[in-house]
>>> print(open('data.txt').read())   # compact mmCIF, C-alpha atoms
# COMPACT_ATOMS: atom_id res chain seq x y z
CA MET A 1 32.63 -11.39 38.51
CA ILE A 2 35.27 -9.80 36.29
CA ASN A 3 33.89 -11.56 33.20
CA ARG A 4 30.39 -10.37 34.05
CA PHE A 5 31.66 -6.80 34.52
CA PHE A 6 33.37 -6.77 31.12
CA SER A 7 30.27 -8.35 29.53
CA VAL A 8 28.10 -5.51 30.86
CA ILE A 9 30.58 -2.89 29.67
CA CYS A 10 30.68 -4.46 26.17
CA CYS A 11 26.89 -4.55 25.96
CA LEU A 12 26.66 -0.88 26.97
CA ALA A 13 29.27 0.02 24.34
CA ILE A 14 27.37 -1.87 21.66
CA VAL A 15 24.06 -0.23 22.50
CA THR A 16 25.66 3.23 22.68
CA LEU A 17 27.30 2.79 19.27
CA PHE A 18 24.03 1.51 17.86
CA VAL A 19 22.14 4.58 19.08
CA ILE A 20 24.81 7.00 17.82
CA THR A 21 24.99 5.32 14.42
CA GLY A 22 21.22 5.14 14.19
CA CYS A 23 20.93 8.87 14.87
CA GLN A 24 22.90 9.47 11.70
CA GLN A 25 20.02 7.98 9.70
CA GLN A 26 16.98 9.97 8.67
CA HIS A 27 14.27 9.51 11.30
CA LYS A 28 10.69 8.88 10.21
CA PRO A 29 7.69 9.57 12.43
CA GLU A 30 6.35 6.40 14.00
CA PRO A 31 2.73 5.53 13.20
CA VAL A 32 0.63 4.28 16.12
CA VAL A 33 -0.76 1.35 14.16
CA TYR A 34 -0.49 -0.02 10.66
CA GLU A 35 -2.34 2.07 8.05
CA PRO A 36 -4.88 -0.59 6.97
CA LEU A 37 -6.25 -0.61 10.51
CA PHE A 38 -7.44 2.98 10.02
CA ASP A 39 -9.58 1.87 7.09
CA PRO A 40 -13.12 1.07 8.34
CA ASN A 41 -13.53 -1.33 5.42
CA PHE A 42 -10.40 -3.30 6.28
CA ILE A 43 -11.07 -6.77 7.68
CA VAL A 44 -8.26 -8.55 9.48
CA PRO A 45 -7.90 -11.99 7.86
CA ASN A 46 -8.67 -14.89 10.15
CA TYR A 47 -5.15 -16.35 9.89
CA ALA A 48 -3.65 -12.95 10.78
CA PHE A 49 -6.01 -12.56 13.74
CA ARG A 50 -5.08 -16.03 15.04
CA ALA A 51 -1.35 -15.35 14.61
CA MET A 52 -1.59 -12.08 16.54
CA LYS A 53 -3.77 -13.64 19.24
CA ALA A 54 -1.17 -16.38 19.72
CA THR A 55 1.55 -13.76 20.30
CA GLY A 56 -0.20 -11.21 22.49
CA GLY A 57 -3.10 -9.86 20.46
CA LEU A 58 -3.75 -7.01 18.04
CA GLN A 59 -3.65 -4.27 20.68
CA ALA A 60 -0.31 -5.52 22.04
CA TRP A 61 1.17 -5.41 18.54
CA ALA A 62 -0.40 -2.00 17.83
CA ASP A 63 1.30 -0.64 20.96
CA THR A 64 4.68 -2.05 19.96
CA LYS A 65 6.50 0.67 18.05
CA GLU A 66 9.97 -0.76 18.63
CA ILE A 67 11.49 -4.09 19.62
CA LYS A 68 15.03 -4.27 21.00
CA LEU A 69 16.74 -7.63 21.29
CA ASP A 70 20.22 -9.02 21.91
CA SER A 71 21.49 -12.40 20.77
CA VAL A 72 24.43 -14.72 20.42
CA VAL A 73 24.66 -15.87 16.79
CA THR A 74 26.40 -19.01 15.56
CA PHE A 75 27.33 -19.14 11.87
CA TYR A 76 28.19 -22.63 10.59
CA LYS A 77 30.69 -23.06 7.77
CA PRO A 78 30.48 -25.80 5.09
CA ASP A 79 33.19 -27.79 6.92
CA ARG A 80 30.91 -27.63 10.05
CA SER A 81 33.27 -25.38 11.96
CA PHE A 82 31.46 -22.38 13.40
CA TYR A 83 31.87 -18.73 14.25
CA LEU A 84 30.26 -16.91 17.20
CA THR A 85 29.27 -13.26 17.36
CA GLU A 86 26.77 -11.00 19.15
CA HIS A 87 24.00 -8.97 17.53
CA HIS A 88 21.90 -6.09 18.81
CA TYR A 89 18.54 -5.64 17.05
CA GLU A 90 16.34 -2.60 16.73
CA ILE A 91 13.09 -3.48 14.95
CA HIS A 92 10.28 -1.12 13.93
CA PRO A 93 7.52 -3.59 12.98
CA TRP A 94 5.07 -1.01 11.60
CA GLN A 95 7.70 0.69 9.43
CA ASN A 96 9.11 -2.44 7.76
CA SER A 97 12.48 -1.69 9.32
CA ILE A 98 15.20 -3.64 11.10
CA ARG A 99 18.71 -2.63 12.12
CA ILE A 100 21.30 -5.13 13.30
CA LEU A 101 24.54 -4.05 14.93
CA ASN A 102 27.37 -6.59 14.99
CA ILE A 103 30.98 -6.16 16.02
CA GLU A 104 33.42 -8.20 13.97
CA PRO A 105 37.23 -8.39 13.87
CA GLN A 106 37.06 -6.31 10.67
CA GLY A 107 35.11 -3.52 12.40
CA GLN A 108 31.67 -2.55 13.64
CA PHE A 109 28.90 -3.21 11.11
CA LEU A 110 25.33 -1.96 11.00
CA TRP A 111 22.93 -3.74 8.63
CA GLN A 112 19.84 -1.68 7.92
CA LEU A 113 16.85 -3.07 6.01
CA SER A 114 13.99 -0.61 5.52
CA ASP A 115 11.00 -1.33 3.29
CA GLY A 116 13.12 -3.76 1.28
CA SER A 117 16.05 -1.34 0.78
CA PHE A 118 19.31 -2.59 2.32
CA THR A 119 22.29 -0.49 3.40
CA VAL A 120 25.46 -1.31 5.32
CA PHE A 121 27.56 0.89 7.58
CA LYS A 122 31.05 0.06 8.80
CA ASP A 123 32.40 2.04 11.73
CA GLY A 124 29.65 4.62 11.14
CA ARG A 125 30.25 5.06 7.39
CA GLN A 126 28.14 3.66 4.59
CA ILE A 127 29.96 1.12 2.43
CA ASP A 128 29.25 -0.55 -0.88
CA THR A 129 27.50 -3.90 -0.88
CA GLY A 130 29.29 -7.08 -1.88
CA PRO A 131 28.86 -10.86 -1.71
CA VAL A 132 29.30 -11.03 2.08
CA VAL A 133 26.97 -8.08 2.62
CA LEU A 134 24.28 -9.69 0.48
CA ARG A 135 24.22 -12.56 2.93
CA GLY A 136 23.71 -9.94 5.61
CA GLN A 137 20.69 -8.69 3.68
CA ASN A 138 19.27 -12.20 3.55
CA PHE A 139 19.81 -12.63 7.27
CA ALA A 140 18.16 -9.30 8.11
CA GLU A 141 15.14 -10.06 5.96
CA MET A 142 14.67 -13.52 7.45
CA MET A 143 14.95 -12.26 11.03
CA PHE A 144 12.57 -9.37 10.40
CA ASN A 145 9.91 -11.57 8.84
CA MET A 146 10.18 -14.21 11.54
CA ILE A 147 10.10 -11.87 14.55
CA THR A 148 7.21 -9.77 13.20
CA ALA A 149 5.43 -12.54 11.26
CA PRO A 150 1.91 -11.96 12.72
CA ILE A 151 1.65 -8.39 11.46
CA ARG A 152 3.30 -9.01 8.12
CA PHE A 153 -0.09 -10.41 7.14
CA LEU A 154 -1.51 -6.87 7.33
CA ASP A 155 0.76 -5.57 4.56
CA ASP A 156 -1.66 -4.47 1.83
CA SER A 157 1.12 -4.02 -0.75
CA VAL A 158 1.27 -7.80 -1.19
CA GLU A 159 -1.22 -10.64 -1.40
CA PHE A 160 -1.41 -13.62 0.93
CA THR A 161 -2.95 -16.88 -0.20
CA PRO A 162 -3.72 -19.20 2.71
CA SER A 163 -4.27 -22.92 2.34
CA TYR A 164 -7.02 -24.40 4.48
CA THR A 165 -5.64 -27.92 4.10
CA PRO A 166 -2.89 -28.62 6.65
CA ILE A 167 0.32 -30.29 5.59
CA ARG A 168 2.81 -32.25 7.67
CA ILE A 169 6.43 -31.06 7.88
CA GLU A 170 9.02 -32.75 10.10
CA GLY A 171 6.20 -34.41 12.03
CA LEU A 172 4.31 -31.12 12.65
CA TRP A 173 1.09 -29.84 11.04
CA TYR A 174 1.00 -26.45 9.34
CA TYR A 175 -1.22 -24.26 7.20
CA PRO A 176 0.89 -22.73 4.38
CA ILE A 177 0.31 -19.03 3.62
CA GLU A 178 2.01 -17.86 0.44
CA ARG A 179 3.03 -14.25 -0.10
CA SER A 180 2.94 -12.88 -3.64
CA TYR A 181 3.05 -9.45 -5.23
CA ARG A 182 0.04 -7.61 -6.52
CA ILE A 183 -0.47 -7.23 -10.26
CA ILE A 184 -0.64 -3.74 -11.72
CA GLN A 185 -3.69 -3.57 -13.95
CA PRO A 186 -3.46 -1.09 -16.86
CA SER A 187 -6.08 1.63 -17.13
CA PRO A 188 -8.88 1.18 -19.71
CA ASP A 189 -7.10 3.67 -21.99
CA ASP A 190 -3.89 1.59 -22.04
CA ILE A 191 -5.19 -1.20 -24.23
CA ASP A 192 -1.69 -2.15 -25.41
CA VAL A 193 -0.22 -2.40 -21.92
CA GLU A 194 0.10 -5.84 -20.35
CA PRO A 195 -0.62 -6.36 -16.64
CA LYS A 196 2.61 -6.70 -14.67
CA PRO A 197 3.52 -7.41 -11.06
CA ILE A 198 4.60 -4.61 -8.75
CA GLU A 199 8.37 -4.65 -8.53
CA PRO A 200 9.11 -6.71 -5.40
CA HIS A 201 11.18 -5.40 -2.54
CA TRP A 202 11.14 -8.67 -0.58
CA SER A 203 12.00 -12.27 -1.33
CA GLU A 204 9.44 -14.93 -2.18
CA VAL A 205 8.36 -16.61 1.04
CA ILE A 206 5.81 -19.05 2.41
CA PHE A 207 4.68 -18.54 6.00
CA TYR A 208 3.77 -21.71 7.89
CA GLN A 209 1.17 -21.36 10.64
CA SER A 210 1.09 -24.11 13.24
CA LYS A 211 -2.23 -25.97 13.32
CA PRO A 212 -2.16 -26.64 17.10
CA ASN A 213 -1.26 -23.14 18.39
CA SER A 214 -1.51 -20.71 15.39
CA LEU A 215 2.10 -19.55 15.81
CA VAL A 216 3.86 -18.67 12.55
CA ASP A 217 7.07 -20.41 13.56
CA MET A 218 8.47 -21.46 10.18
CA LEU A 219 9.23 -19.61 6.93
CA TRP A 220 10.48 -20.97 3.61
CA PHE A 221 12.37 -18.62 1.31
CA ALA A 222 12.63 -19.55 -2.37
CA GLY A 223 15.11 -17.90 -4.73
CA ILE A 224 16.71 -15.71 -2.09
CA GLU A 225 19.80 -14.05 -3.54
CA GLY A 226 22.97 -16.04 -2.98
CA GLU A 227 21.03 -19.11 -1.83
CA LYS A 228 18.38 -21.23 -3.54
CA PHE A 229 16.12 -22.32 -0.70
CA LEU A 230 16.26 -21.51 3.01
CA THR A 231 14.01 -22.43 5.92
CA VAL A 232 13.75 -20.37 9.12
CA ARG A 233 12.38 -21.98 12.28
CA ALA A 234 11.51 -20.35 15.63
CA TYR A 235 11.25 -21.82 19.12
CA ASP A 236 10.43 -21.03 22.77
CA TYR A 237 8.43 -17.81 22.46
CA HIS A 238 8.83 -15.22 25.22
CA LYS A 239 8.05 -11.57 25.96
CA PRO A 240 10.78 -8.99 25.32
CA GLU A 241 11.44 -6.71 28.25
CA GLY A 242 8.65 -4.16 28.65
CA LYS A 243 6.50 -5.64 25.86
CA ASP A 244 3.27 -7.64 25.83
CA ILE A 245 3.97 -9.45 22.56
CA LEU A 246 5.66 -12.81 22.16
CA VAL A 247 8.73 -13.27 19.96
CA PRO A 248 11.05 -16.26 19.42
CA ALA A 249 13.77 -16.97 21.98
CA LYS A 250 15.65 -19.07 19.43
CA VAL A 251 15.82 -19.04 15.62
CA GLU A 252 17.53 -21.49 13.28
CA ILE A 253 18.20 -21.10 9.55
CA PHE A 254 18.60 -24.16 7.33
CA ARG A 255 19.54 -24.73 3.71
CA THR A 256 16.87 -26.90 2.04
CA ASP A 257 16.07 -28.54 -1.28
CA ASP A 258 13.32 -27.33 -3.62
CA LYS A 259 10.74 -29.31 -1.63
CA GLY A 260 11.68 -27.72 1.69
CA THR A 261 13.48 -30.74 3.12
CA LEU A 262 16.03 -29.61 5.71
CA GLN A 263 19.59 -30.29 4.58
CA GLU A 264 22.08 -28.23 6.54
CA LEU A 265 22.00 -25.98 9.60
CA MET A 266 23.54 -22.62 8.67
CA VAL A 267 22.77 -20.21 11.54
CA THR A 268 21.56 -20.41 15.13
CA VAL A 269 20.33 -17.28 16.94
CA ASP A 270 19.88 -17.41 20.73
CA PHE A 271 18.24 -14.31 22.24
CA TYR A 272 18.99 -13.29 25.82
>>> encode(input="data.txt", output="structure tokens")
Amino acid sequence: MINRFFSVICCLAIVTLFVITGCQQQHKPEPVVYEPLFDPNFIVPNYAFRAMKATGGLQAWADTKEIKLDSVVTFYKPDRSFYLTEHHYEIHPWQNSIRILNIEPQGQFLWQLSDGSFTVFKDGRQIDTGPVVLRGQNFAEMMFNMITAPIRFLDDSVEFTPSYTPIRIEGLWYYPIERSYRIIQPSPDDIDVEPKPIEPHWSEVIFYQSKPNSLVDMLWFAGIEGEKFLTVRAYDYHKPEGKDILVPAKVEIFRTDDKGTLQELMVTVDFY
């Protein structure tokens, strides 16, 4: 009973700090749905429709302005020892934004990733980024893309190239969907200007959509800063409290080779 009491108190303290720290950030108005959906000429791609249907449907996602989650996170070291911590997540799926509050022995950290721009706050004050923080950026990006994978396919600032030939990975069948950045075409007057890609804000990633159930439950990141190749896998989908969408109850992050073969478990995230 005493342990449960202290656990509740700690959770309340974490959430309170998260709200206070978050209020220090500039607040943007929340759109009701993603902008492309207002365009009468916009057609939801079939793979995006199936991914949303598998996790609650388009209307359920359109009604979800914010997702709040709590988790126990296990970080594995190269010597296979591990370190446990707790994270509180505040995700705004239609604003490309995720904030992760974690309390460490060194202080209270808030990782904020918004539209590809990453900032870190320690004990309520913004701090410079460094090697450890960059890994925090990778983690935030991977969690954001995995939890909100179905509606990432509606992002019209990037291009998605689906494969209609399934491939087998670890005994399971998937359709790969590759994300790439749009090419800026010069105007007719700029005859000496070469086409160039829009400067990316996100890492290169391939989304893997399950053939049997259409869930996007695996991502493969190539060239992510600080690591060469990482795979993110999701399991046991459930509804967050008060929401009609489905999100993973468990996420694992693996280091892989250049072919995507799993090599080493790096992180386990268990939501509660």
>>> closest_residue(input="data.txt", among="A:Phe42, A:Ala48, A:Leu265, A:His87", to="Pro162 in chain A", atoms="only C-alpha atoms")
A:Ala48
>>> residues_near_point(input="data.txt", point="(2.4, -15.7, 14.0)", cutoff="6 Å", atoms="all atoms listed in the file", output="NGL selection string")
:A and (51-52 or 149-150 or 215-216)
>>> atom_distance(input="data.txt", atom1="CA of Leu58 in chain A", atom2="CA of Ile253 in chain A")
27.4 Å
>>> residues_near_point(input="data.txt", point="(13.2, -18.3, 4.5)", cutoff="6 Å", atoms="all atoms listed in the file", output="PyMOL selection string")
chain A and resi 142+219-221+230-232
>>> residues_around(input="data.txt", residues="Val44 in chain A", least_positions_apart="3", cutoff="12 Å", atoms="all atoms listed in the file", output="VMD selection string")
chain A and resid 34 36 to 41 47 to 53 58 150 to 156
